[in-house]
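Notes to accompany the following structure.
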Amino acid sequence: MGQTLYQKIYHSHVVGKLNASTDLLFVDRHLIHEVTSPQAFSGLKLAGRAVRRPDLTFATMDHNVSTQRRSLDAAGETSRKQLEALAANCDEHRIPLLDLTHPDQGIVHVIGPEQGLTQPGMIIVCGDSHTSTHGAFGALAFGIGTSEVEHVLATQTLPQQQAKTLKVEINGDLPAHVTPKDVILAVIGKLGTAGGNGYVAEFCGSAIRGMSMEGRMTLCNMSIEMGAKAGLIAPDGTTFAYLKGKAHAPQAEHWDAAVSYWQSLHSDADAVFDKTISLDASSISPQITWGTNPEQVIAVDEPIPAPESFSDDTKRQAAERALQYMGLSAGQKLTDCAVDVVFIGSCTNSRIEDLRAAASVVRDRKVAPGVRALVVPGSGVVKRQAEQEGLAEIFKQAGFEWREPGCSMCLGMNDDQVAAGQRCASTSNRNFEGRQGRGARTHLVSPAMAAAAAIAGKFVNVARLEGAAQ
Ligand SMILES: CC(C)[C@H](C(=O)O)[C@@H](O)C(=O)O
Ligand code: SF4
């Protein structure tokens, strides 16, 4: 029987067997940031151990940084301490760090691919759940806990058990204005936030093949939001073209050898998946979440479902509670709801293509009065490119704030928060209670939809925004 892509990568990394079901896997890349690494380094110090492979470990500052000004203390005392600890640990163990003075600093899941650190066939881990993003390159990438971060720092290996395999097949053409963000929200809406529990998902089908690397990253980024351990896409010409020439990508004579290995990284025709779901791309409309988990999602023109429409008790109760928290009622249309804040950013949607999509909606228009709108590029590389392409100017002219790179308003860990009761159109990946600040109400959307909301001052189907570009 053939193997799935996941199984191929898993098996090629086994360096030891710990018991009947647990293997020890070699880790090719360990990415670290300021939030989940300090305790791991303390543990290492207590045990008197060194970092085993500082050359395979890479750090960036992202969660706690201020995107308003480049200073370690700009987002408060706790942030400053964590950022300083990261800098000291990287210095002591000779780990490369993209700090606030580095021109390429940015969100960990944006910088990895950009620097060519993320490559097909690798195992990539990070103390961060959205490490699944890197799966877009055909790497097995997943988030780990702080004690596992310590284990990887000390040994460059990780004990693992094999996950089940889930195939998510998406064929057909996406309608105009429907983006990879809408696709993954629709998949989560169908599968539920627990539907992927215990699985590694592989996305395939003609709609996936047609996506850029940025789009594939958006998709894999949110595979954790359906409970999957990781999301994967087999590498192809699009992947190779993206990687060619990147700083850490294989160079010169190593390139061809790497590509010929990468070409073997796909699920065999006779591989058997434990579960399969499929979706027709042409049936997907722009999506928006109405509740407090990413599964509570609808097409933007649909009415909010009634809690009674859920047959499952837990889901019904979750819907009731979500409506209360969100200040919404069943049957209401989100296109009748005003927005207070628009956030375009996060490791889901802060790459150049996301900013291009948003800018094409914003061009020659103005942010509606009373709406606070910000664009936070995912990295210094994205920021520079957006400035060169004139996108930054389009945003600023329209009344958006144009920021420095970082996680920003994706989560309330820095100086960007949504106030209690305010409604935010956000391109991030989580709409949990309090995620963007205590009492904040988050609606997850694509960059184009967020941009349209900023202009209209309320949620609107970007396809119907008068004279919408694209
Ligand atoms: C802070 C970090 C541990 C967390 C994660 O693991 O995902 C964060 O990035 C998030 O998005 O909630
Ligand atoms: S941008 Fe948001 S989701 Fe991504 S790593 Fe930062 S906090 Fe987590």
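How things are named: the first chain in the structure tokens is A, the next is B, and so on; residues count from 1 in each chain; ligands count from 1 in the order shown.
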- Could the residues that lie within 6 Å of ligand 2, counting only C-alpha atoms and all ligand atoms, be listed as a list in words?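 So the residues close to ligand 2 are His63, His130, Ser346, Cys347, Cys407, Cys410 and Leu411 of chain A.
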Please produce a file of those selected residues containing C-alpha atoms, as a compact mmCIF listing (two decimals), in the first residue's frame.
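The new file selection.txt reads:
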```txt
# COMPACT_ATOMS: atom_id res chain seq x y z
CA HIS A 63 3.71 38.69 19.61
CA HIS A 130 -0.09 28.28 13.82
CA SER A 346 -1.67 38.40 11.31
CA CYS A 347 0.11 35.26 10.14
CA CYS A 407 1.15 40.11 15.58
CA CYS A 410 -4.52 39.43 16.29
CA LEU A 411 -4.34 38.88 20.04
```
- Message: Within 6 Å of ligand 1 (counting only C-alpha atoms and all ligand atoms), which residues show up? I'd like them as a PyMOL selection string.
- Response: chain A and resi 35-36+128-130
Store the residues of this selection in a file with C-alpha atoms, as a PDB file, in the first residue's frame.
```
ATOM      1  CA  VAL A  35       6.218  34.084  24.430  1.00  0.00           C
ATOM      2  CA  THR A  36       6.848  30.335  24.595  1.00  0.00           C
ATOM      3  CA  ASP A 128       3.030  28.200  18.486  1.00  0.00           C
ATOM      4  CA  SER A 129      -0.136  26.585  17.210  1.00  0.00           C
ATOM      5  CA  HIS A 130      -0.093  28.283  13.816  1.00  0.00           C
TER       6      HIS A 130
END
```
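Of the listed residues A:Gly210, A:Gly116, A:Gly145, A:Pro294, the one whose atoms come nearest to A:Leu185 is A:Pro294, with distances taken using only C-alpha atoms.
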- Task: Find the residues near stretch 421-430 of chain A: any atom within 8 Å, counting only C-alpha atoms, skip ones fewer than 6 places away on the same chain, and give them as a ChimeraX atom specification.
- Result: /A:222,225,293-294,326,338-349,410,439-447,450,453,459
Can I get the selection written as a short mmCIF file (atom, residue, chain, number, x, y, z; two decimals), in the first residue's frame, with C-alpha atoms?
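Here's the written file again.cif:
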```
data_model
loop_
_atom_site.label_atom_id
_atom_site.label_comp_id
_atom_site.auth_asym_id
_atom_site.auth_seq_id
_atom_site.Cartn_x
_atom_site.Cartn_y
_atom_site.Cartn_z
CA MET A 222 -6.01 27.75 9.87
CA GLU A 225 -8.62 25.82 13.85
CA ASN A 293 -15.20 30.10 17.26
CA PRO A 294 -14.18 29.81 13.60
CA MET A 326 -21.35 39.18 20.04
CA ALA A 338 -21.63 48.52 11.56
CA VAL A 339 -17.94 47.91 12.24
CA ASP A 340 -15.80 49.95 14.64
CA VAL A 341 -12.39 48.52 13.85
CA VAL A 342 -10.78 46.88 10.82
CA PHE A 343 -7.59 44.87 11.26
CA ILE A 344 -5.67 43.65 8.23
CA GLY A 345 -2.74 41.58 9.43
CA SER A 346 -1.67 38.40 11.31
CA CYS A 347 0.11 35.26 10.14
CA THR A 348 -3.08 34.29 8.30
CA ASN A 349 -3.33 37.31 6.02
CA CYS A 410 -4.52 39.43 16.29
CA GLY A 439 -15.20 42.14 25.50
CA ALA A 440 -14.00 42.67 21.92
CA ARG A 441 -16.17 41.23 19.14
CA THR A 442 -14.21 39.66 16.31
CA HIS A 443 -15.51 38.74 12.86
CA LEU A 444 -13.05 36.75 10.76
CA VAL A 445 -12.96 37.67 7.08
CA SER A 446 -10.60 37.81 4.09
CA PRO A 447 -8.44 40.89 3.43
CA ALA A 450 -12.02 43.57 5.67
CA ALA A 453 -15.96 46.79 5.58
CA PHE A 459 -19.98 44.41 6.64
#
```
- Item | All residues 12 Å or closer to A:Tyr242, only C-alpha atoms, same chain fewer than 6 positions away omitted, as JSON, numbers by chain | {"A": [113, 114, 115, 116, 118, 119, 120, 136, 137, 212, 213, 214, 216, 235, 236, 249]}
Save the residues we just selected, C-alpha atoms, as a tab-separated table (two decimals), in the first residue's frame?
```tsv
chain	number	residue	atom	x	y	z
A	113	PRO	CA	9.02	30.90	4.35
A	114	GLU	CA	10.33	34.30	3.33
A	115	GLN	CA	13.84	33.48	4.45
A	116	GLY	CA	13.70	30.09	2.73
A	118	THR	CA	10.72	26.48	5.37
A	119	GLN	CA	11.30	23.76	2.78
A	120	PRO	CA	9.44	20.70	1.50
A	136	ALA	CA	1.93	24.88	2.63
A	137	PHE	CA	5.42	23.91	1.43
A	212	SER	CA	-0.24	30.89	-4.84
A	213	MET	CA	2.07	30.08	-1.92
A	214	GLU	CA	0.50	32.95	0.02
A	216	ARG	CA	-1.74	27.96	0.50
A	235	PRO	CA	5.01	20.83	-3.23
A	236	ASP	CA	4.90	21.65	-6.95
A	249	ALA	CA	17.03	27.83	0.18
```
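The residue that comes closest to A:Gln7, out of A:Lys164, A:Lys246, A:His177, A:His102 and on the basis of only C-alpha atoms, is A:Lys164.
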- Message: Could you go through stretch 4-165 of chain A and tell me which residues DSSP, when run on the backbone, assigns to strand (DSSP E), listing them as a count of residues only?
- Response: 32
- Task: Could you check which of A:Leu323, A:Cys90, A:Met122, A:Ala154 is closest to A:Gly43, using only C-alpha atoms?
- Result: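 Of all the options, A:Ala154 lies closest to A:Gly43.
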- Could you check which of A:Met226, A:Ala392, A:Ala88, A:Met1 is closest to A:Phe273, using only C-alpha atoms?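 Distance minimum relative to A:Phe273 lands on A:Met1.
Between atom CA of A:Ala20 and atom CA of A:Gln162 the separation is 11.2 Å.
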- DSSP alpha helix (DSSP H) residues within stretch 119-364 of chain A, listed as a PyMOL selection string: chain A and resi 146-155+180-191+206-209+213-221+237-243+253-262+313-326+352-362
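In this comparison, which uses only C-alpha atoms, the residue of A:Glu389, A:Glu34, A:Asp280, A:Glu320 approaching A:Glu308 most closely is A:Glu320.
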- Message: Env of A:Arg438: 8 Å cut, atoms = only C-alpha atoms, seq-sep filter 6 positions within chain, self excluded. Answer as a list in words.
- Response: Val418, Ala419 and Ala420 of chain A
